[in-house]
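The structure under discussion appears below in the form of structure tokens.
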Amino acid sequence: MKTQGGEASLDATDRAILAAVVRDAEITNKALANRLGLAESTCAHRLRQLRERGVITGSHVDLDHAALGYPLQAVVSVRMGSHSEQLVEEFFDAITATPQVLQVFHLAGSSDFLVHVAVADAAELRDIVLRHITVHRGVRQTETHLVFEQRTGPGTVSNR
């Protein structure tokens, strides 16, 4: 169910469930119910409803990219020379299919895209930029930023 502003109507129990599963997507229903002081059946029903309503759209696993042999992360800022829908979609599709690309953001502002990558070393970073980004016919300019450290914020369920 959506409110007029497009926000899903959630009560305090829904928000507590969401906050807990955001912290630990692998938490068992039993542990979640115990943590929140709910009956297991109530907790399972609420989770199912949150999925059916599209509030929970999936779950994910966080990887240690350094442990996988990709210790260097960077964010490449991309400016397009042309903003035709076709060029933008071609670039977006091509870059999201590129190995070692973690996330791609299509933006408004001075940059058109931010491309977050994890690579083995500086040479591999250069190769991604030269072989997968600057070669695209719509790209006008890139700027590469090394990531020293990354932290995750509390998200949207913990502040209400």
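Convention: chains lettered A, B, ... in structure tokens order; per-chain residue numbering from 1; ligands numbered from 1 as shown.
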
Please, which residues in segment 55-113 of chain A fall within 12 Å of segment 133-136 of chain A when counting only C-alpha atoms, and what is the closest atom pair and distance in Å to one decimal for each, ordered by chain then residue number, as JSON lines?
```
{"residue": "A:Val76", "atom": "CA", "partner": "A:Ile133", "partner_atom": "CA", "distance": 9.0}
{"residue": "A:Ser77", "atom": "CA", "partner": "A:Ile133", "partner_atom": "CA", "distance": 10.1}
{"residue": "A:Val78", "atom": "CA", "partner": "A:Ile133", "partner_atom": "CA", "distance": 8.1}
{"residue": "A:Arg79", "atom": "CA", "partner": "A:Thr134", "partner_atom": "CA", "distance": 10.0}
{"residue": "A:Met80", "atom": "CA", "partner": "A:His136", "partner_atom": "CA", "distance": 9.5}
{"residue": "A:Gly81", "atom": "CA", "partner": "A:His136", "partner_atom": "CA", "distance": 10.4}
{"residue": "A:Ser82", "atom": "CA", "partner": "A:His136", "partner_atom": "CA", "distance": 11.3}
{"residue": "A:Leu87", "atom": "CA", "partner": "A:His136", "partner_atom": "CA", "distance": 8.8}
{"residue": "A:Val88", "atom": "CA", "partner": "A:His136", "partner_atom": "CA", "distance": 10.2}
{"residue": "A:Glu89", "atom": "CA", "partner": "A:His136", "partner_atom": "CA", "distance": 11.5}
{"residue": "A:Glu90", "atom": "CA", "partner": "A:His136", "partner_atom": "CA", "distance": 8.7}
{"residue": "A:Phe91", "atom": "CA", "partner": "A:His136", "partner_atom": "CA", "distance": 6.8}
{"residue": "A:Phe92", "atom": "CA", "partner": "A:Ile133", "partner_atom": "CA", "distance": 10.3}
{"residue": "A:Asp93", "atom": "CA", "partner": "A:His136", "partner_atom": "CA", "distance": 11.4}
{"residue": "A:Ala94", "atom": "CA", "partner": "A:His136", "partner_atom": "CA", "distance": 8.8}
{"residue": "A:Ile95", "atom": "CA", "partner": "A:Ile133", "partner_atom": "CA", "distance": 7.2}
{"residue": "A:Thr96", "atom": "CA", "partner": "A:Ile133", "partner_atom": "CA", "distance": 10.9}
{"residue": "A:Ala97", "atom": "CA", "partner": "A:Ile133", "partner_atom": "CA", "distance": 11.8}
{"residue": "A:Thr98", "atom": "CA", "partner": "A:Ile133", "partner_atom": "CA", "distance": 9.7}
{"residue": "A:Val101", "atom": "CA", "partner": "A:Ile133", "partner_atom": "CA", "distance": 11.1}
{"residue": "A:Val104", "atom": "CA", "partner": "A:Ile133", "partner_atom": "CA", "distance": 12.0}
{"residue": "A:Phe113", "atom": "CA", "partner": "A:Ile133", "partner_atom": "CA", "distance": 10.6}
```

Fewer than 2 positions away in the same chain doesn't count, so skip those; otherwise give me all residues within 7 Å of Leu102 of chain A, counting only C-alpha atoms, as a PDB file with C-alpha atoms, in the first residue's frame.
```
ATOM      1  CA  GLN A 100      34.803  -5.685 -11.965  1.00  0.00           C
ATOM      2  CA  HIS A 116      32.393   2.103  -9.057  1.00  0.00           C
ATOM      3  CA  VAL A 117      34.988  -0.582  -9.790  1.00  0.00           C
ATOM      4  CA  ALA A 118      37.199  -3.025  -7.877  1.00  0.00           C
TER       5      ALA A 118
END
```

Item to complete: From the DSSP assignment of the backbone, select every residue of chain A that is strand (DSSP E or B), and format the answer as a PyMOL selection string.
Response: chain A and resi 2+8+72-80+101-106+113-119+139-147

Discussion item. Among segment 59-155 of chain A, which residues does DSSP mark as alpha helix (DSSP H) when it is run on the backbone? Keep the chain and numbering as in the structure and answer as a list of chain:residue names.
Written reply: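 Taking segment 59-155 of chain A and keeping alpha helix (DSSP H) gives A:Glu85, A:Gln86, A:Leu87, A:Val88, A:Glu89, A:Glu90, A:Phe91, A:Phe92, A:Asp93, A:Ala94, A:Ile95, A:Thr96, A:Ala122, A:Ala123, A:Glu124, A:Leu125, A:Arg126, A:Asp127, A:Ile128.
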
With segment 41-57 of chain A as the partner and 10 Å as the cut-off, tabulate the residues of segment 14-35 of chain A that qualify, each row holding the nearest pair of atoms and their distance in Å to one decimal, using only C-alpha atoms, sorted by chain and rising number, as CSV.
```
residue,atom,partner,partner_atom,distance
A:Asp14,CA,A:Arg46,CA,7.1
A:Ile17,CA,A:Leu47,CA,7.6
A:Leu18,CA,A:Ile56,CA,8.1
A:Val21,CA,A:Leu47,CA,9.6
A:Val22,CA,A:Ile56,CA,9.7
A:Thr28,CA,A:Ala44,CA,9.8
A:Asn29,CA,A:Ala44,CA,6.4
A:Lys30,CA,A:Cys43,CA,8.4
A:Leu32,CA,A:Cys43,CA,7.4
A:Ala33,CA,A:Cys43,CA,5.7
A:Asn34,CA,A:Cys43,CA,9.5
```

Can I get the selected residues back with all heavy atoms, as an mmCIF file, in the first residue's frame?
```cif
data_model
loop_
_atom_site.group_PDB
_atom_site.id
_atom_site.type_symbol
_atom_site.label_atom_id
_atom_site.label_comp_id
_atom_site.auth_asym_id
_atom_site.auth_seq_id
_atom_site.Cartn_x
_atom_site.Cartn_y
_atom_site.Cartn_z
ATOM 1 N N ASP A 14 6.925 -2.905 11.219
ATOM 2 C CA ASP A 14 7.511 -3.066 9.887
ATOM 3 C C ASP A 14 8.897 -2.439 9.837
ATOM 4 O O ASP A 14 9.842 -3.037 9.317
ATOM 5 C CB ASP A 14 6.636 -2.404 8.820
ATOM 6 C CG ASP A 14 5.330 -3.125 8.574
ATOM 7 O OD1 ASP A 14 5.273 -4.350 8.772
ATOM 8 O OD2 ASP A 14 4.358 -2.453 8.159
ATOM 9 N N ILE A 17 11.438 -4.551 11.690
ATOM 10 C CA ILE A 17 11.788 -5.730 10.891
ATOM 11 C C ILE A 17 12.770 -5.329 9.795
ATOM 12 O O ILE A 17 13.802 -5.987 9.591
ATOM 13 C CB ILE A 17 10.531 -6.384 10.295
ATOM 14 C CG1 ILE A 17 9.720 -7.065 11.401
ATOM 15 C CG2 ILE A 17 10.897 -7.382 9.199
ATOM 16 C CD1 ILE A 17 8.335 -7.530 10.966
ATOM 17 N N LEU A 18 12.463 -4.243 9.089
ATOM 18 C CA LEU A 18 13.342 -3.796 8.007
ATOM 19 C C LEU A 18 14.728 -3.440 8.525
ATOM 20 O O LEU A 18 15.736 -3.811 7.922
ATOM 21 C CB LEU A 18 12.723 -2.600 7.283
ATOM 22 C CG LEU A 18 11.479 -2.908 6.466
ATOM 23 C CD1 LEU A 18 10.833 -1.618 5.971
ATOM 24 C CD2 LEU A 18 11.788 -3.838 5.312
ATOM 25 N N VAL A 21 16.623 -6.734 9.194
ATOM 26 C CA VAL A 21 17.055 -7.509 8.021
ATOM 27 C C VAL A 21 18.055 -6.739 7.167
ATOM 28 O O VAL A 21 18.858 -7.350 6.460
ATOM 29 C CB VAL A 21 15.873 -8.039 7.165
ATOM 30 C CG1 VAL A 21 15.016 -9.005 7.966
ATOM 31 C CG2 VAL A 21 15.054 -6.924 6.567
ATOM 32 N N VAL A 22 18.042 -5.407 7.242
ATOM 33 C CA VAL A 22 19.076 -4.632 6.546
ATOM 34 C C VAL A 22 20.428 -4.884 7.211
ATOM 35 O O VAL A 22 21.441 -5.030 6.530
ATOM 36 C CB VAL A 22 18.725 -3.128 6.530
ATOM 37 C CG1 VAL A 22 19.932 -2.275 6.166
ATOM 38 C CG2 VAL A 22 17.592 -2.869 5.554
ATOM 39 N N THR A 28 17.551 -15.617 10.757
ATOM 40 C CA THR A 28 16.431 -16.564 10.668
ATOM 41 C C THR A 28 15.164 -15.904 11.186
ATOM 42 O O THR A 28 15.216 -14.940 11.967
ATOM 43 C CB THR A 28 16.700 -17.828 11.507
ATOM 44 O OG1 THR A 28 16.767 -17.451 12.890
ATOM 45 C CG2 THR A 28 17.983 -18.528 11.072
ATOM 46 N N ASN A 29 14.047 -16.407 10.767
ATOM 47 C CA ASN A 29 12.776 -15.878 11.241
ATOM 48 C C ASN A 29 12.670 -16.016 12.757
ATOM 49 O O ASN A 29 12.196 -15.106 13.437
ATOM 50 C CB ASN A 29 11.613 -16.586 10.544
ATOM 51 C CG ASN A 29 10.288 -15.973 10.932
ATOM 52 O OD1 ASN A 29 10.041 -14.809 10.653
ATOM 53 N ND2 ASN A 29 9.444 -16.754 11.597
ATOM 54 N N LYS A 30 13.134 -17.136 13.278
ATOM 55 C CA LYS A 30 13.079 -17.362 14.724
ATOM 56 C C LYS A 30 13.904 -16.312 15.467
ATOM 57 O O LYS A 30 13.431 -15.719 16.443
ATOM 58 C CB LYS A 30 13.590 -18.764 15.058
ATOM 59 C CG LYS A 30 13.540 -19.103 16.522
ATOM 60 C CD LYS A 30 13.988 -20.527 16.783
ATOM 61 C CE LYS A 30 13.864 -20.851 18.263
ATOM 62 N NZ LYS A 30 14.140 -22.253 18.542
ATOM 63 N N LEU A 32 14.841 -13.371 14.367
ATOM 64 C CA LEU A 32 14.221 -12.070 14.151
ATOM 65 C C LEU A 32 13.030 -11.878 15.087
ATOM 66 O O LEU A 32 12.895 -10.835 15.736
ATOM 67 C CB LEU A 32 13.792 -11.928 12.689
ATOM 68 C CG LEU A 32 13.126 -10.625 12.283
ATOM 69 C CD1 LEU A 32 14.056 -9.433 12.520
ATOM 70 C CD2 LEU A 32 12.708 -10.688 10.813
ATOM 71 N N ALA A 33 12.187 -12.887 15.168
ATOM 72 C CA ALA A 33 11.020 -12.815 16.053
ATOM 73 C C ALA A 33 11.450 -12.637 17.509
ATOM 74 O O ALA A 33 10.890 -11.807 18.233
ATOM 75 C CB ALA A 33 10.166 -14.070 15.886
ATOM 76 N N ASN A 34 12.459 -13.386 17.926
ATOM 77 C CA ASN A 34 12.969 -13.258 19.305
ATOM 78 C C ASN A 34 13.533 -11.867 19.558
ATOM 79 O O ASN A 34 13.283 -11.271 20.612
ATOM 80 C CB ASN A 34 14.034 -14.313 19.591
ATOM 81 C CG ASN A 34 13.448 -15.697 19.778
ATOM 82 O OD1 ASN A 34 12.275 -15.856 20.095
ATOM 83 N ND2 ASN A 34 14.263 -16.712 19.557
#
```

Practice prompt. Within 12 Å of Ser111 of chain A, counting only C-alpha atoms, which residues show up once you throw out same-chain ones fewer than 3 positions away? Write them as number ranges by chain, please.
Written response: A: 75-81, 83, 105-108, 114-115, 139-144

Dump of all heavy atoms for the selected residues, as a compact mmCIF listing (two decimals), in the first residue's frame:
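The result, written out as selection-v2.txt:
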```txt
# COMPACT_ATOMS: atom_id res chain seq x y z
N VAL A 75 36.20 5.19 -8.24
CA VAL A 75 34.96 5.69 -8.81
C VAL A 75 35.37 6.55 -10.00
O VAL A 75 36.15 7.49 -9.86
CB VAL A 75 34.15 6.52 -7.79
CG1 VAL A 75 32.90 7.10 -8.44
CG2 VAL A 75 33.78 5.66 -6.59
N VAL A 76 34.86 6.17 -11.16
CA VAL A 76 35.18 6.90 -12.38
C VAL A 76 33.99 7.78 -12.74
O VAL A 76 32.88 7.29 -12.94
CB VAL A 76 35.50 5.93 -13.55
CG1 VAL A 76 35.87 6.72 -14.81
CG2 VAL A 76 36.61 4.95 -13.16
N SER A 77 34.25 9.07 -12.80
CA SER A 77 33.24 10.04 -13.19
C SER A 77 33.26 10.13 -14.71
O SER A 77 34.32 10.28 -15.31
CB SER A 77 33.59 11.39 -12.56
OG SER A 77 32.77 12.40 -13.05
N VAL A 78 32.09 10.04 -15.32
CA VAL A 78 31.99 10.03 -16.79
C VAL A 78 31.08 11.16 -17.25
O VAL A 78 29.97 11.32 -16.74
CB VAL A 78 31.43 8.68 -17.29
CG1 VAL A 78 31.29 8.68 -18.81
CG2 VAL A 78 32.29 7.52 -16.82
N ARG A 79 31.58 11.92 -18.21
CA ARG A 79 30.76 12.95 -18.87
C ARG A 79 30.52 12.50 -20.30
O ARG A 79 31.45 12.11 -21.00
CB ARG A 79 31.47 14.29 -18.89
CG ARG A 79 31.47 14.98 -17.57
CD ARG A 79 32.16 16.30 -17.71
NE ARG A 79 31.34 17.28 -17.06
CZ ARG A 79 31.66 18.54 -16.93
NH1 ARG A 79 32.77 19.00 -17.46
NH2 ARG A 79 30.87 19.37 -16.30
N MET A 80 29.29 12.58 -20.71
CA MET A 80 28.92 12.22 -22.07
C MET A 80 29.02 13.45 -22.97
O MET A 80 28.75 14.56 -22.53
CB MET A 80 27.51 11.66 -22.12
CG MET A 80 27.24 10.46 -21.22
SD MET A 80 28.14 8.98 -21.68
CE MET A 80 27.16 8.47 -23.09
N GLY A 81 29.39 13.22 -24.22
CA GLY A 81 29.43 14.30 -25.19
C GLY A 81 28.07 14.55 -25.80
O GLY A 81 27.75 15.64 -26.23
N HIS A 83 23.83 13.42 -25.20
CA HIS A 83 22.90 12.85 -24.23
C HIS A 83 21.69 12.23 -24.90
O HIS A 83 20.61 12.18 -24.33
CB HIS A 83 22.47 13.92 -23.22
CG HIS A 83 23.60 14.39 -22.38
ND1 HIS A 83 24.38 15.45 -22.74
CD2 HIS A 83 24.11 13.92 -21.22
CE1 HIS A 83 25.31 15.64 -21.83
NE2 HIS A 83 25.17 14.72 -20.89
N PHE A 105 25.96 4.59 -11.43
CA PHE A 105 24.95 5.58 -11.13
C PHE A 105 24.79 6.50 -12.33
O PHE A 105 25.78 7.07 -12.80
CB PHE A 105 25.34 6.42 -9.91
CG PHE A 105 25.53 5.62 -8.65
CD1 PHE A 105 26.78 5.13 -8.30
CD2 PHE A 105 24.45 5.36 -7.82
CE1 PHE A 105 26.96 4.40 -7.14
CE2 PHE A 105 24.62 4.62 -6.66
CZ PHE A 105 25.89 4.14 -6.32
N HIS A 106 23.57 6.67 -12.83
CA HIS A 106 23.26 7.64 -13.88
C HIS A 106 22.78 8.88 -13.16
O HIS A 106 21.82 8.81 -12.37
CB HIS A 106 22.20 7.07 -14.81
CG HIS A 106 21.87 7.95 -15.95
ND1 HIS A 106 20.66 7.88 -16.61
CD2 HIS A 106 22.55 8.94 -16.57
CE1 HIS A 106 20.63 8.77 -17.58
NE2 HIS A 106 21.77 9.43 -17.56
N LEU A 107 23.41 10.01 -13.42
CA LEU A 107 23.22 11.21 -12.61
C LEU A 107 22.73 12.41 -13.38
O LEU A 107 22.88 12.48 -14.60
CB LEU A 107 24.57 11.62 -11.98
CG LEU A 107 25.38 10.58 -11.25
CD1 LEU A 107 26.76 11.13 -10.95
CD2 LEU A 107 24.68 10.15 -9.99
N ALA A 108 22.25 13.38 -12.64
CA ALA A 108 22.06 14.74 -13.14
C ALA A 108 23.19 15.55 -12.51
O ALA A 108 23.62 15.25 -11.40
CB ALA A 108 20.71 15.29 -12.70
N LEU A 114 28.61 7.77 -12.59
CA LEU A 114 29.68 7.36 -11.68
C LEU A 114 29.77 5.85 -11.79
O LEU A 114 28.76 5.15 -11.65
CB LEU A 114 29.41 7.78 -10.24
CG LEU A 114 29.44 9.27 -9.94
CD1 LEU A 114 29.12 9.51 -8.46
CD2 LEU A 114 30.78 9.88 -10.29
N VAL A 115 30.97 5.35 -12.03
CA VAL A 115 31.20 3.92 -12.21
C VAL A 115 32.14 3.47 -11.08
O VAL A 115 33.29 3.89 -11.02
CB VAL A 115 31.83 3.62 -13.59
CG1 VAL A 115 32.03 2.12 -13.76
CG2 VAL A 115 30.99 4.21 -14.72
N VAL A 139 31.16 8.95 -24.83
CA VAL A 139 31.93 9.49 -23.71
C VAL A 139 32.84 10.63 -24.16
O VAL A 139 33.58 10.51 -25.13
CB VAL A 139 32.76 8.37 -23.04
CG1 VAL A 139 33.72 8.95 -22.00
CG2 VAL A 139 31.84 7.35 -22.40
N ARG A 140 32.76 11.75 -23.45
CA ARG A 140 33.60 12.90 -23.74
C ARG A 140 34.77 13.02 -22.77
O ARG A 140 35.88 13.38 -23.14
CB ARG A 140 32.78 14.18 -23.70
CG ARG A 140 33.60 15.43 -24.06
CD ARG A 140 32.78 16.68 -24.01
NE ARG A 140 32.63 17.06 -22.61
CZ ARG A 140 31.78 17.96 -22.17
NH1 ARG A 140 30.97 18.56 -23.00
NH2 ARG A 140 31.70 18.25 -20.90
N GLN A 141 34.55 12.72 -21.48
CA GLN A 141 35.58 12.96 -20.47
C GLN A 141 35.40 12.00 -19.30
O GLN A 141 34.27 11.63 -18.96
CB GLN A 141 35.46 14.41 -19.98
CG GLN A 141 36.42 14.79 -18.90
CD GLN A 141 36.18 16.23 -18.42
OE1 GLN A 141 35.43 16.99 -19.04
NE2 GLN A 141 36.79 16.58 -17.31
N THR A 142 36.51 11.61 -18.70
CA THR A 142 36.47 10.81 -17.48
C THR A 142 37.40 11.42 -16.44
O THR A 142 38.35 12.13 -16.77
CB THR A 142 36.90 9.35 -17.71
OG1 THR A 142 38.28 9.32 -18.08
CG2 THR A 142 36.05 8.67 -18.76
N GLU A 143 37.11 11.13 -15.19
CA GLU A 143 37.99 11.50 -14.09
C GLU A 143 37.91 10.36 -13.08
O GLU A 143 36.82 9.94 -12.69
CB GLU A 143 37.53 12.81 -13.44
CG GLU A 143 38.46 13.31 -12.37
CD GLU A 143 38.06 14.67 -11.84
OE1 GLU A 143 37.12 15.29 -12.38
OE2 GLU A 143 38.69 15.11 -10.87
N THR A 144 39.08 9.85 -12.69
CA THR A 144 39.13 8.68 -11.83
C THR A 144 39.51 9.09 -10.41
O THR A 144 40.47 9.82 -10.21
CB THR A 144 40.13 7.66 -12.38
OG1 THR A 144 39.74 7.31 -13.71
CG2 THR A 144 40.18 6.40 -11.52
```

Fill in: Computed interatomic separation between atom CA of Glu149 of chain A and atom CA of Tyr70 of chain A (Å)
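Straight-line distance from atom CA of Glu149 of chain A to atom CA of Tyr70 of chain A works out to 14.0 Å.
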
Fill in: For atom CA of Ala39 of chain A and atom CA of Gly153 of chain A, the interatomic separation in Å (one decimal)
29.7 Å

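When only C-alpha atoms are used to compute distances to His65 of chain A, the closest of the residues A:Val119, A:Val147, A:Arg131, A:Gly155 turns out to be A:Val119.
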
Practice prompt. Quick one: pull the distance between atom CA of His145 of chain A and atom CA of Leu130 of chain A, Å, one decimal.
Written response: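 Atom-to-atom, atom CA of His145 of chain A to atom CA of Leu130 of chain A, that is 15.0 Å.
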